[in-house]
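**Q** If it helps, the file is called data03.txt and holds compact mmCIF, C-alpha atoms:
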```
# COMPACT_ATOMS: atom_id res chain seq x y z
CA MET N 1 -17.32 -20.77 7.54
CA ILE N 2 -16.29 -18.46 4.69
CA SER N 3 -18.23 -19.04 1.47
CA LYS N 4 -16.47 -19.64 -1.86
CA ARG N 5 -18.62 -16.96 -3.50
CA TYR N 6 -17.35 -14.35 -1.09
CA VAL N 7 -13.72 -15.31 -1.69
CA ILE N 8 -14.18 -15.24 -5.49
CA LYS N 9 -15.91 -11.84 -5.26
CA ARG N 10 -12.99 -10.44 -3.31
CA LEU N 11 -10.43 -12.02 -5.64
CA LEU N 12 -12.14 -10.44 -8.65
CA LEU N 13 -11.53 -7.05 -7.08
CA LEU N 14 -7.83 -7.58 -7.75
CA VAL N 15 -8.47 -6.92 -11.43
CA PRO N 16 -9.71 -3.30 -11.19
CA VAL N 17 -7.14 -2.49 -8.49
CA LEU N 18 -4.21 -3.63 -10.62
CA PHE N 19 -5.72 -2.08 -13.75
CA GLY N 20 -6.15 1.23 -11.90
CA VAL N 21 -2.61 1.19 -10.52
CA ALA N 22 -1.09 0.26 -13.88
CA THR N 23 -3.00 3.05 -15.63
CA LEU N 24 -2.08 5.55 -12.94
CA VAL N 25 1.63 4.72 -13.01
CA PHE N 26 1.71 4.77 -16.80
CA SER N 27 0.05 8.19 -16.98
CA ILE N 28 2.15 9.76 -14.21
CA LEU N 29 5.37 8.64 -15.88
CA HIS N 30 4.25 10.01 -19.24
CA LEU N 31 3.23 13.32 -17.70
CA SER N 32 6.58 13.68 -15.93
CA PRO N 33 8.96 16.14 -17.55
CA GLY N 34 12.08 14.90 -19.31
CA ASN N 35 12.80 12.28 -21.90
CA PRO N 36 13.64 8.83 -20.47
CA ALA N 37 15.57 8.02 -23.66
CA THR N 38 18.07 10.74 -22.75
CA VAL N 39 18.58 9.12 -19.34
CA VAL N 40 19.08 5.68 -20.89
CA ALA N 41 21.38 6.95 -23.66
CA GLY N 42 23.39 9.08 -21.24
CA GLN N 43 23.79 12.84 -20.94
CA GLN N 44 26.61 12.91 -23.49
CA ALA N 45 24.61 11.03 -26.17
CA SER N 46 23.96 12.67 -29.55
CA ALA N 47 20.46 13.37 -30.89
CA GLU N 48 20.77 10.39 -33.22
CA GLU N 49 21.68 8.06 -30.35
CA VAL N 50 18.73 9.34 -28.31
CA ARG N 51 16.42 8.75 -31.28
CA GLN N 52 17.72 5.18 -31.62
CA VAL N 53 17.06 4.53 -27.94
CA GLU N 54 13.55 5.99 -28.32
CA GLU N 55 12.85 3.59 -31.17
CA ARG N 56 14.29 0.64 -29.28
CA LEU N 57 12.14 1.37 -26.22
CA GLY N 58 9.04 1.97 -28.36
CA LEU N 59 8.75 5.59 -27.26
CA THR N 60 8.19 6.78 -30.83
CA ASP N 61 4.86 4.91 -31.04
CA PRO N 62 1.63 6.83 -30.35
CA ILE N 63 0.83 6.96 -26.64
CA TRP N 64 -2.25 4.72 -26.92
CA VAL N 65 -0.14 2.06 -28.62
CA GLN N 66 2.37 2.30 -25.75
CA TYR N 67 -0.50 2.11 -23.24
CA GLY N 68 -2.05 -0.93 -24.93
CA ARG N 69 1.33 -2.66 -25.16
CA PHE N 70 2.09 -1.94 -21.51
CA MET N 71 -1.29 -3.33 -20.43
CA LEU N 72 -0.92 -6.48 -22.54
CA ASP N 73 2.58 -7.11 -21.21
CA THR N 74 1.44 -6.53 -17.63
CA VAL N 75 -1.42 -9.03 -18.04
CA GLN N 76 1.21 -11.58 -19.16
CA LEU N 77 3.35 -10.69 -16.11
CA ASP N 78 6.02 -9.26 -18.39
CA LEU N 79 7.17 -6.11 -16.64
CA GLY N 80 9.97 -5.49 -19.11
CA GLU N 81 13.67 -5.08 -18.48
CA SER N 82 15.49 -2.59 -16.31
CA TRP N 83 16.73 0.36 -18.36
CA VAL N 84 19.39 1.74 -16.04
CA ILE N 85 19.83 0.15 -12.58
CA ARG N 86 20.24 -3.49 -13.68
CA LYS N 87 20.46 -2.87 -17.41
CA GLY N 88 18.86 -5.70 -19.37
CA GLU N 89 17.77 -7.74 -16.36
CA PRO N 90 14.05 -8.62 -16.23
CA VAL N 91 12.17 -6.47 -13.70
CA THR N 92 10.49 -9.55 -12.24
CA SER N 93 13.93 -11.00 -11.46
CA VAL N 94 15.10 -7.77 -9.79
CA LEU N 95 11.92 -7.63 -7.70
CA ARG N 96 12.23 -11.32 -6.82
CA TRP N 97 15.42 -10.59 -4.84
CA LYS N 98 14.56 -7.18 -3.48
CA PHE N 99 10.99 -7.71 -2.34
CA PRO N 100 11.62 -10.30 0.44
CA ILE N 101 13.90 -7.75 2.17
CA THR N 102 11.10 -5.18 2.34
CA LEU N 103 8.46 -7.76 3.15
CA GLU N 104 10.54 -8.99 6.09
CA LEU N 105 10.82 -5.44 7.41
CA ALA N 106 7.13 -4.62 6.92
CA VAL N 107 5.95 -7.88 8.48
CA LEU N 108 8.25 -7.43 11.50
CA GLY N 109 6.97 -3.86 11.87
CA GLN N 110 3.39 -5.11 11.69
CA ILE N 111 4.10 -7.83 14.26
CA ALA N 112 5.66 -5.21 16.57
CA GLY N 113 2.63 -2.98 16.06
CA ILE N 114 0.17 -5.77 16.86
CA MET N 115 2.16 -7.17 19.79
CA PHE N 116 2.36 -3.81 21.55
CA GLY N 117 -0.71 -2.02 20.16
CA ILE N 118 -3.38 -4.53 21.21
CA PRO N 119 -2.30 -4.93 24.88
CA ILE N 120 -1.77 -1.17 25.26
CA GLY N 121 -5.25 -0.51 23.83
CA ILE N 122 -6.86 -3.10 26.14
CA VAL N 123 -5.11 -1.75 29.26
CA SER N 124 -5.97 1.80 28.25
CA ALA N 125 -9.68 0.89 27.92
CA ILE N 126 -9.82 -1.08 31.16
CA LYS N 127 -8.08 1.73 33.05
CA GLN N 128 -10.10 4.48 31.38
CA ASP N 129 -9.33 8.04 32.53
CA THR N 130 -6.42 6.97 34.74
CA ILE N 131 -2.82 8.13 34.29
CA THR N 132 -2.07 4.90 32.34
CA ASP N 133 -4.87 5.71 29.90
CA HIS N 134 -3.72 9.30 29.45
CA LEU N 135 -0.12 8.22 28.86
CA SER N 136 -1.09 5.60 26.29
CA ARG N 137 -3.33 8.09 24.46
CA VAL N 138 -0.56 10.69 24.32
CA GLY N 139 1.81 7.94 23.15
CA ALA N 140 -0.64 6.88 20.42
CA LEU N 141 -1.12 10.44 19.24
CA SER N 142 2.65 10.97 19.12
CA GLY N 143 3.14 7.70 17.24
CA ILE N 144 0.59 8.68 14.62
CA SER N 145 2.05 12.19 14.27
CA ILE N 146 5.80 11.56 14.23
CA PRO N 147 7.15 10.89 10.73
CA ILE N 148 9.66 8.10 10.07
CA PHE N 149 12.29 10.47 8.68
CA TRP N 150 12.41 12.06 12.14
CA SER N 151 11.92 9.04 14.42
CA GLY N 152 14.44 6.96 12.41
CA PRO N 153 17.50 9.20 12.92
CA LEU N 154 16.38 9.80 16.50
CA VAL N 155 16.44 6.11 17.47
CA ILE N 156 19.75 5.64 15.63
CA LEU N 157 21.20 8.52 17.62
CA LEU N 158 19.91 7.17 20.93
CA PHE N 159 20.24 3.38 20.64
CA SER N 160 23.16 3.10 18.21
CA VAL N 161 25.36 6.15 18.64
CA TYR N 162 24.96 6.99 22.36
CA LEU N 163 24.03 3.62 23.88
CA GLY N 164 25.65 1.39 21.25
CA TRP N 165 23.04 -1.33 21.70
CA PHE N 166 22.15 -1.81 18.03
CA PRO N 167 23.96 -1.38 14.69
CA THR N 168 23.27 1.81 12.76
CA SER N 169 22.56 0.21 9.39
CA GLY N 170 22.53 -2.89 7.18
CA ARG N 171 21.01 -6.35 7.57
CA LEU N 172 24.03 -8.35 8.78
CA THR N 173 27.51 -7.87 10.16
CA GLN N 174 28.83 -8.70 6.68
CA ARG N 175 32.44 -9.42 7.61
CA ALA N 176 31.35 -12.15 10.01
CA TYR N 177 30.03 -14.42 7.23
CA GLU N 178 32.20 -15.66 4.42
CA GLY N 179 30.31 -16.16 1.19
CA GLY N 180 27.58 -13.67 2.13
CA ALA N 181 24.02 -14.17 3.27
CA PRO N 182 21.99 -17.25 2.27
CA GLN N 183 19.42 -16.65 -0.47
CA SER N 184 16.89 -19.47 -0.42
CA THR N 185 13.85 -17.27 0.14
CA GLY N 186 15.51 -13.86 0.43
CA VAL N 187 14.03 -13.45 3.91
CA LEU N 188 17.15 -13.45 6.07
CA LEU N 189 15.50 -14.65 9.28
CA VAL N 190 13.93 -17.62 7.49
CA ASP N 191 17.04 -18.43 5.43
CA SER N 192 19.35 -18.41 8.45
CA LEU N 193 16.96 -20.75 10.28
CA LEU N 194 16.73 -23.03 7.23
CA GLU N 195 20.53 -23.27 7.23
CA GLY N 196 20.51 -23.87 10.97
CA ASN N 197 22.74 -20.84 11.47
CA ILE N 198 21.49 -19.50 14.81
CA ILE N 199 24.30 -16.95 15.10
CA MET N 200 23.31 -15.40 11.78
CA PHE N 201 19.65 -15.45 12.85
CA ILE N 202 20.49 -13.54 16.04
CA ASP N 203 22.69 -11.11 14.09
CA ALA N 204 19.90 -10.46 11.56
CA THR N 205 17.35 -9.97 14.35
CA TRP N 206 19.73 -7.56 16.08
CA HIS N 207 20.08 -5.55 12.86
CA LEU N 208 16.35 -5.57 12.09
CA PHE N 209 15.17 -4.60 15.57
CA LEU N 210 15.46 -0.81 15.23
CA PRO N 211 14.06 -0.52 11.68
CA ALA N 212 11.15 -2.80 12.61
CA MET N 213 10.40 -0.73 15.69
CA VAL N 214 10.54 2.52 13.73
CA ILE N 215 8.25 1.19 11.01
CA GLY N 216 5.96 -0.35 13.64
CA ILE N 217 5.48 2.82 15.70
CA TYR N 218 2.73 4.20 13.48
CA SER N 219 1.04 0.83 13.28
CA MET N 220 1.24 0.36 17.05
CA ALA N 221 -0.19 3.82 17.70
CA LEU N 222 -3.14 3.33 15.37
CA ILE N 223 -3.90 -0.18 16.61
CA SER N 224 -3.79 0.84 20.29
CA ARG N 225 -6.08 3.81 19.58
CA MET N 226 -8.56 1.62 17.72
CA MET N 227 -8.35 -1.16 20.30
CA ARG N 228 -9.11 1.27 23.13
CA SER N 229 -12.20 2.71 21.40
CA SER N 230 -13.46 -0.68 20.34
CA MET N 231 -12.89 -2.22 23.78
CA LEU N 232 -14.69 0.67 25.49
CA GLU N 233 -17.70 0.05 23.27
CA VAL N 234 -17.66 -3.67 24.04
CA ILE N 235 -17.33 -3.08 27.80
CA ARG N 236 -20.68 -1.22 27.74
CA GLN N 237 -22.55 -4.08 26.01
CA ASP N 238 -25.31 -6.00 27.82
CA TYR N 239 -23.66 -9.41 27.36
CA ILE N 240 -20.56 -8.23 29.20
CA ARG N 241 -22.69 -6.88 32.03
CA THR N 242 -24.64 -10.14 32.14
CA ALA N 243 -21.50 -12.28 32.27
CA HIS N 244 -20.18 -10.03 35.00
CA ALA N 245 -23.46 -10.20 36.96
CA LYS N 246 -23.36 -13.99 36.84
CA GLY N 247 -20.19 -13.83 38.89
CA GLN N 248 -17.52 -14.13 36.24
CA GLY N 249 -14.33 -12.17 36.94
CA ARG N 250 -13.89 -8.90 35.09
CA LYS N 251 -10.65 -9.88 33.32
CA ILE N 252 -12.00 -13.28 32.24
CA THR N 253 -15.22 -11.67 30.97
CA LEU N 254 -13.34 -9.15 28.88
CA LEU N 255 -10.82 -11.57 27.46
CA LYS N 256 -13.28 -14.43 26.89
CA HIS N 257 -16.33 -12.54 25.60
CA GLY N 258 -15.14 -9.07 24.74
CA LEU N 259 -11.83 -9.50 22.95
CA ARG N 260 -13.13 -11.28 19.84
CA ASN N 261 -15.79 -8.64 19.19
CA ALA N 262 -13.44 -5.79 20.01
CA LEU N 263 -10.88 -7.17 17.55
CA ILE N 264 -13.19 -6.90 14.52
CA PRO N 265 -12.60 -3.21 13.69
CA VAL N 266 -8.93 -3.52 14.70
CA VAL N 267 -8.37 -6.33 12.20
CA THR N 268 -9.70 -4.20 9.34
CA VAL N 269 -7.43 -1.33 10.31
CA ILE N 270 -4.42 -3.64 10.36
CA GLY N 271 -5.11 -4.45 6.71
CA ILE N 272 -5.77 -0.89 5.63
CA GLN N 273 -2.61 0.49 7.14
CA PHE N 274 -0.37 -2.28 5.79
CA GLY N 275 -0.07 -0.01 2.76
CA SER N 276 1.38 2.68 5.03
CA LEU N 277 3.90 0.14 6.25
CA LEU N 278 5.06 -0.56 2.70
CA GLY N 279 5.24 3.17 2.04
CA GLY N 280 7.09 3.57 5.33
CA ALA N 281 9.55 0.91 4.22
CA VAL N 282 10.78 3.26 1.49
CA LEU N 283 11.79 5.81 4.13
CA THR N 284 12.97 3.29 6.72
CA GLU N 285 15.21 1.50 4.22
CA THR N 286 16.73 4.81 3.21
CA VAL N 287 17.38 5.82 6.84
CA PHE N 288 18.83 2.41 7.83
CA ASN N 289 20.58 1.71 4.52
CA ILE N 290 18.69 -1.54 3.87
CA ARG N 291 18.81 -2.28 0.16
CA GLY N 292 15.27 -3.52 -0.31
CA ILE N 293 12.54 -2.54 -2.70
CA GLY N 294 12.10 0.87 -1.09
CA MET N 295 15.63 1.95 -1.94
CA LEU N 296 15.28 0.31 -5.34
CA LEU N 297 12.25 2.53 -5.98
CA VAL N 298 14.13 5.65 -4.87
CA ASP N 299 17.06 4.76 -7.17
CA ALA N 300 14.69 4.00 -10.05
CA ILE N 301 12.96 7.37 -9.68
CA THR N 302 16.33 9.15 -9.55
CA ASP N 303 17.64 7.30 -12.63
CA GLY N 304 14.39 7.39 -14.64
CA ASP N 305 14.16 3.60 -14.79
CA TYR N 306 10.47 3.42 -15.79
CA PRO N 307 10.05 -0.39 -15.89
CA ILE N 308 11.41 -0.73 -12.35
CA ILE N 309 9.10 2.05 -11.08
CA GLN N 310 6.07 0.50 -12.77
CA GLY N 311 6.93 -2.98 -11.54
CA THR N 312 7.56 -1.88 -7.97
CA VAL N 313 4.33 0.09 -7.70
CA LEU N 314 2.34 -2.78 -9.22
CA LEU N 315 3.91 -5.20 -6.76
CA PHE N 316 3.07 -2.90 -3.83
CA ALA N 317 -0.54 -2.74 -5.05
CA LEU N 318 -0.73 -6.52 -5.42
CA VAL N 319 0.62 -7.13 -1.92
CA PHE N 320 -1.65 -4.48 -0.42
CA THR N 321 -4.67 -6.06 -2.10
CA MET N 322 -3.72 -9.56 -1.02
CA VAL N 323 -3.24 -8.45 2.58
CA ASN N 324 -6.65 -6.80 2.49
CA LEU N 325 -8.14 -9.99 1.10
CA ILE N 326 -6.69 -11.96 4.02
CA VAL N 327 -7.99 -9.33 6.44
CA ASP N 328 -11.43 -9.49 4.83
CA LEU N 329 -11.52 -13.25 5.24
CA THR N 330 -10.40 -12.97 8.87
CA TYR N 331 -13.03 -10.30 9.38
CA SER N 332 -15.82 -12.45 7.98
CA TYR N 333 -14.58 -15.35 10.10
CA LEU N 334 -14.82 -13.22 13.24
CA ASP N 335 -18.24 -11.88 12.24
CA PRO N 336 -20.05 -14.08 9.64
CA ARG N 337 -22.71 -11.37 9.12
CA ILE N 338 -20.14 -9.41 7.06
CA GLU N 339 -20.66 -11.69 4.05
CA GLN N 340 -24.28 -10.59 3.84
CA MET I 1 -40.22 8.57 -11.29
CA ALA I 2 -39.28 4.95 -10.75
CA PRO I 3 -36.24 4.35 -8.59
CA ASP I 4 -32.98 3.37 -10.34
CA THR I 5 -32.38 -0.35 -10.17
CA GLY I 6 -29.68 -2.74 -11.32
CA LEU I 7 -27.00 -1.44 -13.63
CA ALA I 8 -29.03 1.38 -15.22
CA ALA I 9 -27.97 4.10 -12.81
CA PRO I 10 -24.23 3.27 -12.78
CA ALA I 11 -24.24 2.94 -16.58
CA ARG I 12 -25.96 6.33 -16.97
CA ARG I 13 -23.51 7.87 -14.51
CA LEU I 14 -20.55 6.52 -16.50
CA ALA I 15 -22.02 7.55 -19.84
CA THR I 16 -22.79 11.15 -18.85
CA ALA I 17 -19.33 11.52 -17.31
CA ALA I 18 -17.74 10.08 -20.46
CA VAL I 19 -19.63 12.54 -22.69
CA ALA I 20 -18.45 15.40 -20.51
CA GLY I 21 -14.94 13.93 -20.71
CA VAL I 22 -15.01 13.84 -24.52
CA ALA I 23 -16.04 17.50 -24.63
CA ALA I 24 -13.40 18.53 -22.10
CA GLY I 25 -10.76 16.42 -23.85
CA LEU I 26 -11.41 17.98 -27.26
CA LEU I 27 -11.20 21.45 -25.73
CA LEU I 28 -7.94 20.51 -24.03
CA VAL I 29 -6.43 19.17 -27.27
CA VAL I 30 -7.35 22.38 -29.09
CA GLY I 31 -6.01 24.48 -26.23
CA LEU I 32 -2.72 22.60 -26.04
CA THR I 33 -2.26 22.60 -29.83
CA VAL I 34 -2.23 26.41 -29.83
CA ASN I 35 1.07 26.42 -27.96
CA GLY I 36 2.57 23.17 -29.27
CA THR I 37 2.29 20.28 -31.69
CA LEU I 38 -0.82 18.17 -32.24
CA ARG I 39 1.06 15.03 -31.24
CA GLY I 40 2.23 16.62 -28.00
CA ALA I 41 -1.29 17.87 -27.26
CA THR I 42 -2.98 14.52 -27.86
CA GLU I 43 -0.32 12.68 -25.85
CA THR I 44 -0.71 15.02 -22.88
CA THR I 45 -4.50 14.84 -23.11
CA PHE I 46 -4.43 11.06 -23.31
CA ALA I 47 -2.08 10.82 -20.33
CA LEU I 48 -4.30 13.17 -18.31
CA GLY I 49 -7.35 11.06 -19.19
CA ALA I 50 -5.47 7.91 -18.19
CA LEU I 51 -4.51 9.60 -14.93
CA LEU I 52 -8.19 10.26 -14.18
CA LEU I 53 -9.20 6.76 -15.24
CA GLY I 54 -6.50 5.18 -13.08
CA PHE I 55 -7.39 7.34 -10.10
CA GLY I 56 -11.10 6.64 -10.54
CA VAL I 57 -10.78 2.88 -10.98
CA LEU I 58 -8.37 2.62 -8.08
CA GLY I 59 -10.60 4.77 -5.89
CA TRP I 60 -13.68 2.76 -6.86
CA SER I 61 -12.08 -0.59 -6.12
CA GLY I 62 -10.51 0.79 -2.97
CA SER I 63 -13.93 1.95 -1.81
CA VAL I 64 -15.47 -1.45 -2.49
CA MET I 65 -12.55 -3.29 -0.92
CA ALA I 66 -11.84 -1.21 2.16
CA GLY I 67 -14.77 1.21 2.38
CA ARG I 68 -16.48 -0.60 5.21
CA GLY I 69 -13.26 -0.68 7.19
CA ILE I 70 -12.66 3.02 6.65
CA GLU I 71 -16.24 3.81 7.72
CA ASN I 72 -15.68 1.77 10.89
CA MET I 73 -12.31 3.35 11.55
CA GLN I 74 -13.77 6.84 11.27
CA ARG I 75 -16.62 5.90 13.57
CA TYR I 76 -14.27 4.49 16.21
CA MET I 77 -11.87 7.37 15.98
CA ASP I 78 -14.69 9.94 16.31
CA THR I 79 -13.58 11.87 13.26
CA GLY I 80 -17.11 13.22 12.71
CA SER I 81 -16.72 12.61 8.97
CA ASP I 82 -19.76 11.71 6.89
CA TRP I 83 -17.69 9.85 4.29
CA THR I 84 -19.49 6.74 3.06
CA GLU I 85 -18.45 3.88 0.84
CA ALA I 86 -21.48 4.31 -1.45
CA ASP I 87 -20.85 8.03 -2.04
CA SER I 88 -17.18 7.37 -2.73
CA ARG I 89 -18.03 4.61 -5.22
CA ARG I 90 -20.40 6.88 -7.14
CA ALA I 91 -17.90 9.73 -7.25
CA MET I 92 -15.09 7.47 -8.41
CA ALA I 93 -17.29 5.96 -11.14
CA ARG I 94 -17.90 9.48 -12.46
CA ILE I 95 -14.18 10.29 -12.43
CA SER I 96 -13.42 7.04 -14.28
CA GLY I 97 -16.07 7.77 -16.90
CA PHE I 98 -14.73 11.28 -17.36
CA GLY I 99 -11.19 9.90 -17.79
CA VAL I 100 -12.32 7.43 -20.45
CA GLY I 101 -14.02 10.33 -22.25
CA VAL I 102 -10.84 12.41 -22.22
CA MET I 103 -8.82 9.45 -23.55
CA LEU I 104 -11.38 8.92 -26.33
CA ALA I 105 -11.25 12.61 -27.18
CA ALA I 106 -7.47 12.45 -27.57
CA SER I 107 -7.82 9.51 -29.97
CA LEU I 108 -10.69 11.20 -31.84
CA ALA I 109 -8.74 14.43 -32.18
CA THR I 110 -5.86 12.65 -33.93
CA ALA I 111 -8.26 11.12 -36.41
CA LEU I 112 -10.23 14.30 -37.06
CA LEU I 113 -7.58 17.02 -37.07
```
Now that the file is in, can you turn its structure into structure tokens?
**A**
Amino acid sequence: MISKRYVIKRLLLLVPVLFGVATLVFSILHLSPGNPATVVAGQQASAEEVRQVEERLGLTDPIWVQYGRFMLDTVQLDLGESWVIRKGEPVTSVLRWKFPITLELAVLGQIAGIMFGIPIGIVSAIKQDTITDHLSRVGALSGISIPIFWSGPLVILLFSVYLGWFPTSGRLTQRAYEGGAPQSTGVLLVDSLLEGNIIMFIDATWHLFLPAMVIGIYSMALISRMMRSSMLEVIRQDYIRTAHAKGQGRKITLLKHGLRNALIPVVTVIGIQFGSLLGGAVLTETVFNIRGIGMLLVDAITDGDYPIIQGTVLLFALVFTMVNLIVDLTYSYLDPRIEQ
Amino acid sequence: MAPDTGLAAPARRLATAAVAGVAAGLLLVVGLTVNGTLRGATETTFALGALLLGFGVLGWSGSVMAGRGIENMQRYMDTGSDWTEADSRRAMARISGFGVGVMLAASLATALL
């Protein structure tokens, strides 16, 4: 049973995390060279027009006033309006439609990582020092080392261009659906199921398969590596030996008694590296031309759209913290001593 | 000497770092003013202080939130690192304090100069 005090303590940690991220983003943007007012006004704008834009955006105020205002607005969940990309549209509204696309990709990647990483790690530990173990360790090392901007084009080349099994980009075969994709939640797989459109669901899954695999490679590699080490430690424990000595089969002993304990460190790693998945989404979306929050961030950086950059980074931090909270709670459920 | 208990040690750590930050911040403002305007110097100094504060606060909360997991991960992956959550927390608190000091110095400099 997870105590309320523990949950509240972990929830309170959200405050410094978001404060830290907001401060960091604010300072980085103000230390960056260039005047955002020039970007907003346009390269052909006169000095007077630039000055007017500066006044309108509050850039003429002292920096501590701007900082205080930004913090107060953020506390009230007012992330401002987009300056360039969706001029005048509230950032929260832009993020509302872009974030589900990235979340869908990251979650699918994580699921792929867990589904493959845990069994590979278990098999690798059980078959320690065999050819299977060596292969899985080399695979894990490669997965951790290979960057997405290399593995992405590689899988496109192999599975899309040469073999033709999967599409090269996008989320749907657009021309197949009149009126576009459904937008109840923004998560295409969920929306298509909600509408009972199985063909669209299959099409979306077909499109998301390669990006999810690419984003999940790193996760899978790390999880399998952790699972192997953790399982090896569990295998050497007295309770496993005892269960085995009492006549219980090796596989049953490991799965029944060992797996839960071996999963504890793996669960924490899953939470920690979810941030990498979100970061990886920026690259994956660019490679596979998926217009989610990752591409939005890239566009915002290119166009100097400060409110979008600040909002996106804050949202990433919030999601990362929430995922870690869930992982913490799972962790303390698996091992109640953690709360002490 | 009696061991540090409660909030005394963290508070002292923050305070000494903040004092050092004020001194460094004032020096930075003076240094930057030589080659530019006072407004530009105080803005840059303030932003640098905020950068340190943000980094420190984020690092501190990250250590508290995920430090145990990172310690475990390093242990299981045999990295041989002696990184600990407690050390990281202390270091990040100092960085935060220093950042606050620099931000204060930038504000002070505008009032004084």
**Q** Quick one: residues within 10 Å of Lys87 (chain N), all atoms listed in the file, excluding same-chain residues fewer than 6 positions away - as JSON, numbers by chain?
**A** {"N": [40, 81, 305]}
**Q** Quick one: residues within 12 Å of Leu193 (chain N), all atoms listed in the file, excluding same-chain residues fewer than 4 positions away - as a PyMOL selection string?
**A** chain N and resi 181-185+187-189+197-205
**Q** List the neighbours of Ile308 (chain N) out to 9 Å using only C-alpha atoms; skip same-chain residues closer than 3 positions along the sequence, and give me the result as a ChimeraX atom specification.
**A** /N:79-83,85,91-92,94-95,296-297,300-301,304-305,311-313
**Q** Quote the spacing between CA of Phe116 (chain N) and CA of Met213 (chain N) in Å to one decimal place.
**A** 10.4 Å
**Q** Return the neighbours of chain I among the residues of chain N, cut-off 8 Å, counting only C-alpha atoms, as a list in words.
**A**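 Selected residues: Arg10, Leu13, Pro16, Val17, Leu18, Phe19, Gly20, Val21, Ala22, Thr23, Leu24, Phe26, Ser27, Ile28, His30, Leu31, Pro62, Ile63, Trp64, Arg225, Met226, Ser229, Ser230, Pro265, Thr268, Val269, Ile272 and Asn324 of chain N.
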**Q** With distances taken over all atoms listed in the file, which of N:Ser169, N:Ser46, N:Thr38, N:Thr60 is nearest to Arg291 (chain N)?
**A**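 Closest to Arg291 (chain N) of all the choices is N:Ser169.
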**Q** Could I get region 63-67 of chain I from the block written out with all heavy atoms, as a JSON list (two decimals), in the first residue's frame?
**A**
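See out.json below for the written result:
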```
[["chain", "number", "residue", "atom", "x", "y", "z"],
["I", 63, "SER", "N", 17.96, 15.28, -8.61],
["I", 63, "SER", "CA", 18.69, 14.37, -7.71],
["I", 63, "SER", "C", 17.75, 13.74, -6.70],
["I", 63, "SER", "O", 17.83, 12.55, -6.41],
["I", 63, "SER", "CB", 19.78, 15.13, -6.96],
["I", 63, "SER", "OG", 20.63, 15.77, -7.85],
["I", 64, "VAL", "N", 16.86, 14.58, -6.14],
["I", 64, "VAL", "CA", 15.92, 14.07, -5.14],
["I", 64, "VAL", "C", 14.96, 13.06, -5.79],
["I", 64, "VAL", "O", 14.67, 12.00, -5.26],
["I", 64, "VAL", "CB", 15.10, 15.23, -4.51],
["I", 64, "VAL", "CG1", 14.03, 14.70, -3.57],
["I", 64, "VAL", "CG2", 16.03, 16.17, -3.76],
["I", 65, "MET", "N", 14.51, 13.42, -7.01],
["I", 65, "MET", "CA", 13.48, 12.62, -7.67],
["I", 65, "MET", "C", 14.03, 11.30, -8.21],
["I", 65, "MET", "O", 13.45, 10.25, -8.03],
["I", 65, "MET", "CB", 12.89, 13.44, -8.81],
["I", 65, "MET", "CG", 11.65, 12.88, -9.42],
["I", 65, "MET", "SD", 10.98, 14.05, -10.60],
["I", 65, "MET", "CE", 12.32, 14.17, -11.77],
["I", 66, "ALA", "N", 15.17, 11.40, -8.89],
["I", 66, "ALA", "CA", 15.65, 10.21, -9.61],
["I", 66, "ALA", "C", 17.02, 9.73, -9.14],
["I", 66, "ALA", "O", 17.57, 8.79, -9.71],
["I", 66, "ALA", "CB", 15.70, 10.52, -11.11],
["I", 67, "GLY", "N", 17.55, 10.38, -8.09],
["I", 67, "GLY", "CA", 18.90, 10.04, -7.64],
["I", 67, "GLY", "C", 19.09, 8.58, -7.27],
["I", 67, "GLY", "O", 20.07, 7.94, -7.65]]
```
